[in-house]
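First up is the structure itself, then whatever we jot down about it.
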Amino acid sequence: MSLSSCLNHHISHPFSPSTKTPIFNPSKPTFLIPPRKFPHQKPLKIRSSNGESEQSFPTIQEQPKWGKMVSDAASLYPIYVTLGGVVAYVRPSTFYWFVEKAPTSYSLGLGLIMLSMGLTLELQDLINLFLQNSFAIIFGCLAQYTIMPVLGLVISKILRLSPSLSAGLILLSCCPGGTASNVVTLIAQGDVALSIVMTVCTTLGAVLLTPTLTKILVGTYVPVDALKLSISTLQVVVLPILLGSYMQSKFPKAVKRVTPFSPLFTVLAASLLACSVFAENFVHLKSSMAGASLSSDLSPLLHSKAILSSELGVTVLAVLLLHFAGFFVGYIAASVAGFRETQRRAISIEVGMQNSSLGVVLATAHFSSSMVALPPAISAVIMNIMGSSLGYFWRCINPADLSTISTVGDK
């Protein structure tokens, strides 16, 4: 989901029901959307935690009704991608108009998603925030690019996946954090600012880290051209983000009109990408499950076991294990490092949620087997269901330091 969606929810829905007014912190500026000026309202003056400086903030104006409707529609991403997956399974021809133009259509779709993300960013504010909270951000980024690739490799070996599915799972694990993690962190009452900056940093770093790690870990299964992967990542991820940020600084009025609709566009485009890949592989998946459905005399237990042993069942299991282990190990690592509860949740969610759309685009563009794109496509459905469930679970458990929920930390 677009990062601006996260901010919209943050403004209109405080983290805790008991919080009467939004909590602001001068050390953590809201950089995703330029602050609006209200000439007829007095600014709110807030003193920093150390008492040495005072900073003014404009009073937050309530979000217009149509804006709230668009934002609420964008927050239904897990529902869109789940329903789309069902349609792709029942009637795969629905997505053939998009599949036929792949991989160009996939690359264009992801590029537009990243452009929407760039429209919400001010790079100077991002740099300032990174310098103020470098330890937590660097730790989260390192956790993202170490924990998940190792898990992807281990799970593919334990389940003895085919070379194509192993390549797809490891490629997925080497992708940067997904933008949907920002919304899930907000739901979970985690550190939203930390989540946002980690997403941006891991995404920018993907131009080098994703191809390099994929080459090292996948090279034993299938041939990998790290240079071409790097160029594709630069084209469909980094350049659109930088272009969007440039457009925001040069044409703020035009961008301001488009920005409220970018979250909804982003989730619909991401859903289309994932469901199209699923539909593309439907025929192969159906044949792999044929053995399980032909034997009607099998007991329900044996029938379920046969389905799970098919390529689809094994892939679903592998993706489930990857994301579950990512959430768990990410949280444990942040706990051992001494971060506060809100930071642990942000790091856990950021580690466990991947940019599955990037995995789909790289898999379809640079691997001969279409099955390589299957794990990222299935991940788009499973990851968002798991992430949303975890977010709502944590929402029921207030963090120990709820009063300082909007700070990145003293690290």
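In the structure tokens, chains take letters A, B, ... by order of appearance, with residues numbered from 1 within each chain and ligands from 1 in the order shown.
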(message) Excluding A:Asn355 and its own-chain neighbours fewer than 4 positions away, which residues fall within 9 Å of it when counting only C-alpha atoms? Please give them as a PyMOL selection string.
(response) chain A and resi 172+175-180+203+359+376+380
(request) Please indicate the distance in Å from atom CA of A:Cys201 to atom CA of A:Val316, rounded to one decimal place. (result) 28.7 Å
(request) Figure out the distance between atom CA of A:Ile347 and atom CA of A:Gly190, please, to one decimal in Å. (result) 8.9 Å
For stretch 60-137 of chain A versus stretch 273-280 of chain A, which residues have an atom no more than 8 Å away, and what is each residue's nearest atom pair and distance in Å rounded to one decimal, using only C-alpha atoms, chain-then-number order, as a Markdown table?
| residue | atom | partner | partner_atom | distance |
| --- | --- | --- | --- | --- |
| A:Val81 | CA | A:Cys275 | CA | 7.0 |
| A:Gly84 | CA | A:Cys275 | CA | 5.7 |
| A:Gly85 | CA | A:Cys275 | CA | 5.3 |
| A:Ala88 | CA | A:Ala279 | CA | 4.8 |
| A:Tyr89 | CA | A:Ala279 | CA | 6.5 |
| A:Pro92 | CA | A:Ala279 | CA | 4.7 |
| A:Ser93 | CA | A:Ala279 | CA | 7.4 |
| A:Phe95 | CA | A:Ser276 | CA | 5.4 |
| A:Tyr96 | CA | A:Ser276 | CA | 7.3 |
| A:Phe98 | CA | A:Ser276 | CA | 6.8 |
| A:Val99 | CA | A:Ser276 | CA | 5.9 |
| A:Tyr106 | CA | A:Leu273 | CA | 6.4 |
| A:Gly109 | CA | A:Leu273 | CA | 7.3 |
(request) Find, counting only C-alpha atoms, the residue in A:Ser389, A:Asn398, A:Ser271, A:Ser105 that gets nearest to A:Val87. (result) A:Ser271
For the contact check between stretch 100-213 of chain A and stretch 224-245 of chain A, emit one row per residue of stretch 100-213 of chain A within 9 Å, containing the shortest atom pair and the distance in Å rounded to one decimal, counting only C-alpha atoms, chain then rising number order, as JSON lines.
{"residue": "A:Ser107", "atom": "CA", "partner": "A:Val236", "partner_atom": "CA", "distance": 6.2}
{"residue": "A:Leu108", "atom": "CA", "partner": "A:Val236", "partner_atom": "CA", "distance": 7.4}
{"residue": "A:Gly109", "atom": "CA", "partner": "A:Val236", "partner_atom": "CA", "distance": 8.8}
{"residue": "A:Leu110", "atom": "CA", "partner": "A:Val236", "partner_atom": "CA", "distance": 6.3}
{"residue": "A:Gly111", "atom": "CA", "partner": "A:Val236", "partner_atom": "CA", "distance": 4.5}
{"residue": "A:Leu112", "atom": "CA", "partner": "A:Pro240", "partner_atom": "CA", "distance": 7.2}
{"residue": "A:Ile113", "atom": "CA", "partner": "A:Pro240", "partner_atom": "CA", "distance": 8.4}
{"residue": "A:Met114", "atom": "CA", "partner": "A:Ile241", "partner_atom": "CA", "distance": 5.4}
{"residue": "A:Leu115", "atom": "CA", "partner": "A:Pro240", "partner_atom": "CA", "distance": 4.6}
{"residue": "A:Ser116", "atom": "CA", "partner": "A:Gly244", "partner_atom": "CA", "distance": 6.7}
{"residue": "A:Met117", "atom": "CA", "partner": "A:Ile241", "partner_atom": "CA", "distance": 6.3}
{"residue": "A:Gly118", "atom": "CA", "partner": "A:Ile241", "partner_atom": "CA", "distance": 4.0}
{"residue": "A:Leu119", "atom": "CA", "partner": "A:Gly244", "partner_atom": "CA", "distance": 4.3}
{"residue": "A:Thr120", "atom": "CA", "partner": "A:Ser245", "partner_atom": "CA", "distance": 7.0}
{"residue": "A:Leu121", "atom": "CA", "partner": "A:Ser245", "partner_atom": "CA", "distance": 5.5}
{"residue": "A:Glu122", "atom": "CA", "partner": "A:Ser245", "partner_atom": "CA", "distance": 6.1}
{"residue": "A:Leu123", "atom": "CA", "partner": "A:Ser245", "partner_atom": "CA", "distance": 7.0}
{"residue": "A:Thr203", "atom": "CA", "partner": "A:Val237", "partner_atom": "CA", "distance": 7.3}
{"residue": "A:Leu204", "atom": "CA", "partner": "A:Val238", "partner_atom": "CA", "distance": 5.8}
{"residue": "A:Gly205", "atom": "CA", "partner": "A:Val238", "partner_atom": "CA", "distance": 8.7}
{"residue": "A:Ala206", "atom": "CA", "partner": "A:Thr233", "partner_atom": "CA", "distance": 6.9}
{"residue": "A:Val207", "atom": "CA", "partner": "A:Ser230", "partner_atom": "CA", "distance": 5.1}
{"residue": "A:Leu208", "atom": "CA", "partner": "A:Ser230", "partner_atom": "CA", "distance": 6.1}
{"residue": "A:Leu209", "atom": "CA", "partner": "A:Ser230", "partner_atom": "CA", "distance": 8.5}
{"residue": "A:Thr210", "atom": "CA", "partner": "A:Ser230", "partner_atom": "CA", "distance": 7.6}
{"residue": "A:Pro211", "atom": "CA", "partner": "A:Ala226", "partner_atom": "CA", "distance": 4.9}
{"residue": "A:Thr212", "atom": "CA", "partner": "A:Ala226", "partner_atom": "CA", "distance": 6.1}
{"residue": "A:Leu213", "atom": "CA", "partner": "A:Ala226", "partner_atom": "CA", "distance": 8.9}
(message) Report, in Å to a single decimal, how far apart atom CA of A:Gly352 and atom CA of A:Val184 are.
(response) 11.1 Å
Enumerate, in order of chain and increasing residue number, the residues of stretch 316-405 of chain A with an atom no farther than 12 Å from stretch 129-140 of chain A, each with its shortest atom pair and distance in Å to one decimal, counting only C-alpha atoms, as JSON lines.
{"residue": "A:Gly330", "atom": "CA", "partner": "A:Gly140", "partner_atom": "CA", "distance": 8.6}
{"residue": "A:Tyr331", "atom": "CA", "partner": "A:Gly140", "partner_atom": "CA", "distance": 10.5}
{"residue": "A:Ala333", "atom": "CA", "partner": "A:Phe139", "partner_atom": "CA", "distance": 9.5}
{"residue": "A:Ala334", "atom": "CA", "partner": "A:Gly140", "partner_atom": "CA", "distance": 8.2}
{"residue": "A:Ser335", "atom": "CA", "partner": "A:Phe139", "partner_atom": "CA", "distance": 11.8}
{"residue": "A:Val336", "atom": "CA", "partner": "A:Phe139", "partner_atom": "CA", "distance": 11.7}
{"residue": "A:Ala337", "atom": "CA", "partner": "A:Phe139", "partner_atom": "CA", "distance": 8.8}
{"residue": "A:Gly338", "atom": "CA", "partner": "A:Ala136", "partner_atom": "CA", "distance": 10.2}
{"residue": "A:Phe339", "atom": "CA", "partner": "A:Ala136", "partner_atom": "CA", "distance": 8.0}
{"residue": "A:Arg340", "atom": "CA", "partner": "A:Ala136", "partner_atom": "CA", "distance": 10.5}
{"residue": "A:Thr342", "atom": "CA", "partner": "A:Ala136", "partner_atom": "CA", "distance": 11.7}
{"residue": "A:Gln343", "atom": "CA", "partner": "A:Ala136", "partner_atom": "CA", "distance": 8.0}
{"residue": "A:Arg344", "atom": "CA", "partner": "A:Gly140", "partner_atom": "CA", "distance": 9.5}
{"residue": "A:Arg345", "atom": "CA", "partner": "A:Gly140", "partner_atom": "CA", "distance": 11.0}
{"residue": "A:Ala346", "atom": "CA", "partner": "A:Gly140", "partner_atom": "CA", "distance": 8.7}
{"residue": "A:Ile347", "atom": "CA", "partner": "A:Gly140", "partner_atom": "CA", "distance": 5.7}
{"residue": "A:Ser348", "atom": "CA", "partner": "A:Gly140", "partner_atom": "CA", "distance": 8.7}
{"residue": "A:Ile349", "atom": "CA", "partner": "A:Gly140", "partner_atom": "CA", "distance": 10.2}
{"residue": "A:Glu350", "atom": "CA", "partner": "A:Gly140", "partner_atom": "CA", "distance": 7.7}
{"residue": "A:Val351", "atom": "CA", "partner": "A:Gly140", "partner_atom": "CA", "distance": 7.5}
{"residue": "A:Gly352", "atom": "CA", "partner": "A:Gly140", "partner_atom": "CA", "distance": 11.2}
Can I get the selected residues back with N, CA, C and O atoms, as a PDB file, in the first residue's frame?
ATOM      1  N   GLY A 330      12.433 -11.782  13.348  1.00  0.00           N
ATOM      2  CA  GLY A 330      12.622 -10.338  13.370  1.00  0.00           C
ATOM      3  C   GLY A 330      12.304  -9.747  14.726  1.00  0.00           C
ATOM      4  O   GLY A 330      13.021  -8.870  15.224  1.00  0.00           O
ATOM      5  N   TYR A 331      11.226 -10.228  15.360  1.00  0.00           N
ATOM      6  CA  TYR A 331      10.847  -9.732  16.688  1.00  0.00           C
ATOM      7  C   TYR A 331      11.876 -10.139  17.733  1.00  0.00           C
ATOM      8  O   TYR A 331      12.272  -9.332  18.588  1.00  0.00           O
ATOM      9  N   ALA A 333      15.056 -10.867  17.255  1.00  0.00           N
ATOM     10  CA  ALA A 333      16.301 -10.136  17.028  1.00  0.00           C
ATOM     11  C   ALA A 333      16.212  -8.717  17.579  1.00  0.00           C
ATOM     12  O   ALA A 333      17.157  -8.220  18.210  1.00  0.00           O
ATOM     13  N   ALA A 334      15.084  -8.054  17.368  1.00  0.00           N
ATOM     14  CA  ALA A 334      14.907  -6.691  17.882  1.00  0.00           C
ATOM     15  C   ALA A 334      14.850  -6.690  19.412  1.00  0.00           C
ATOM     16  O   ALA A 334      15.328  -5.747  20.054  1.00  0.00           O
ATOM     17  N   SER A 335      14.283  -7.737  19.993  1.00  0.00           N
ATOM     18  CA  SER A 335      14.229  -7.835  21.456  1.00  0.00           C
ATOM     19  C   SER A 335      15.624  -8.010  22.042  1.00  0.00           C
ATOM     20  O   SER A 335      15.985  -7.364  23.031  1.00  0.00           O
ATOM     21  N   VAL A 336      16.404  -8.888  21.429  1.00  0.00           N
ATOM     22  CA  VAL A 336      17.769  -9.130  21.900  1.00  0.00           C
ATOM     23  C   VAL A 336      18.614  -7.862  21.783  1.00  0.00           C
ATOM     24  O   VAL A 336      19.468  -7.581  22.623  1.00  0.00           O
ATOM     25  N   ALA A 337      18.355  -7.073  20.744  1.00  0.00           N
ATOM     26  CA  ALA A 337      19.112  -5.837  20.531  1.00  0.00           C
ATOM     27  C   ALA A 337      18.706  -4.740  21.502  1.00  0.00           C
ATOM     28  O   ALA A 337      19.355  -3.687  21.548  1.00  0.00           O
ATOM     29  N   GLY A 338      17.645  -4.935  22.278  1.00  0.00           N
ATOM     30  CA  GLY A 338      17.256  -3.979  23.305  1.00  0.00           C
ATOM     31  C   GLY A 338      16.310  -2.888  22.860  1.00  0.00           C
ATOM     32  O   GLY A 338      16.165  -1.879  23.556  1.00  0.00           O
ATOM     33  N   PHE A 339      15.619  -3.064  21.749  1.00  0.00           N
ATOM     34  CA  PHE A 339      14.687  -2.047  21.300  1.00  0.00           C
ATOM     35  C   PHE A 339      13.386  -2.114  22.098  1.00  0.00           C
ATOM     36  O   PHE A 339      13.037  -3.158  22.648  1.00  0.00           O
ATOM     37  N   ARG A 340      12.668  -0.997  22.120  1.00  0.00           N
ATOM     38  CA  ARG A 340      11.395  -0.945  22.820  1.00  0.00           C
ATOM     39  C   ARG A 340      10.326  -1.724  22.055  1.00  0.00           C
ATOM     40  O   ARG A 340      10.518  -2.080  20.898  1.00  0.00           O
ATOM     41  N   THR A 342       7.454  -0.927  20.697  1.00  0.00           N
ATOM     42  CA  THR A 342       6.961  -0.361  19.437  1.00  0.00           C
ATOM     43  C   THR A 342       7.947  -0.576  18.303  1.00  0.00           C
ATOM     44  O   THR A 342       7.557  -0.831  17.160  1.00  0.00           O
ATOM     45  N   GLN A 343       9.239  -0.491  18.607  1.00  0.00           N
ATOM     46  CA  GLN A 343      10.272  -0.718  17.594  1.00  0.00           C
ATOM     47  C   GLN A 343      10.362  -2.191  17.223  1.00  0.00           C
ATOM     48  O   GLN A 343      10.587  -2.536  16.063  1.00  0.00           O
ATOM     49  N   ARG A 344      10.191  -3.068  18.213  1.00  0.00           N
ATOM     50  CA  ARG A 344      10.210  -4.514  17.932  1.00  0.00           C
ATOM     51  C   ARG A 344       9.105  -4.874  16.941  1.00  0.00           C
ATOM     52  O   ARG A 344       9.328  -5.652  16.013  1.00  0.00           O
ATOM     53  N   ARG A 345       7.935  -4.316  17.152  1.00  0.00           N
ATOM     54  CA  ARG A 345       6.818  -4.609  16.259  1.00  0.00           C
ATOM     55  C   ARG A 345       7.103  -4.096  14.847  1.00  0.00           C
ATOM     56  O   ARG A 345       6.826  -4.783  13.858  1.00  0.00           O
ATOM     57  N   ALA A 346       7.649  -2.885  14.757  1.00  0.00           N
ATOM     58  CA  ALA A 346       7.944  -2.314  13.440  1.00  0.00           C
ATOM     59  C   ALA A 346       8.977  -3.149  12.700  1.00  0.00           C
ATOM     60  O   ALA A 346       8.834  -3.438  11.504  1.00  0.00           O
ATOM     61  N   ILE A 347      10.029  -3.547  13.399  1.00  0.00           N
ATOM     62  CA  ILE A 347      11.095  -4.336  12.772  1.00  0.00           C
ATOM     63  C   ILE A 347      10.579  -5.720  12.401  1.00  0.00           C
ATOM     64  O   ILE A 347      10.881  -6.247  11.319  1.00  0.00           O
ATOM     65  N   SER A 348       9.802  -6.340  13.277  1.00  0.00           N
ATOM     66  CA  SER A 348       9.240  -7.659  12.997  1.00  0.00           C
ATOM     67  C   SER A 348       8.383  -7.635  11.736  1.00  0.00           C
ATOM     68  O   SER A 348       8.525  -8.490  10.852  1.00  0.00           O
ATOM     69  N   ILE A 349       7.516  -6.649  11.638  1.00  0.00           N
ATOM     70  CA  ILE A 349       6.618  -6.547  10.483  1.00  0.00           C
ATOM     71  C   ILE A 349       7.406  -6.213   9.219  1.00  0.00           C
ATOM     72  O   ILE A 349       7.136  -6.753   8.144  1.00  0.00           O
ATOM     73  N   GLU A 350       8.383  -5.336   9.338  1.00  0.00           N
ATOM     74  CA  GLU A 350       9.178  -4.957   8.166  1.00  0.00           C
ATOM     75  C   GLU A 350       9.981  -6.136   7.643  1.00  0.00           C
ATOM     76  O   GLU A 350      10.101  -6.336   6.430  1.00  0.00           O
ATOM     77  N   VAL A 351      10.530  -6.946   8.539  1.00  0.00           N
ATOM     78  CA  VAL A 351      11.301  -8.120   8.124  1.00  0.00           C
ATOM     79  C   VAL A 351      10.394  -9.166   7.490  1.00  0.00           C
ATOM     80  O   VAL A 351      10.730  -9.771   6.465  1.00  0.00           O
ATOM     81  N   GLY A 352       9.217  -9.379   8.077  1.00  0.00           N
ATOM     82  CA  GLY A 352       8.344 -10.449   7.618  1.00  0.00           C
ATOM     83  C   GLY A 352       7.574 -10.161   6.346  1.00  0.00           C
ATOM     84  O   GLY A 352       7.091 -11.088   5.696  1.00  0.00           O
TER      85      GLY A 352
END
(request) For each of A:Val200, A:Val154, A:Ala363, A:Met353, take the minimum atom-to-atom distance to A:Leu390, counting only C-alpha atoms, then give the residue where this is smallest. (result) A:Met353
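Compared by their closest atoms to A:Leu83, and using only C-alpha atoms, the residues A:Met198, A:Val381, A:Ala193, A:Leu161 rank with A:Val381 nearest.
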(request) Taking the DSSP assignment computed from this structure's backbone, write out as an MDAnalysis selection string all residues of stretch 151-215 of chain A that belong to alpha helix (DSSP H). (result) chainID A and resid 151:158 163:173 180:187 192:215
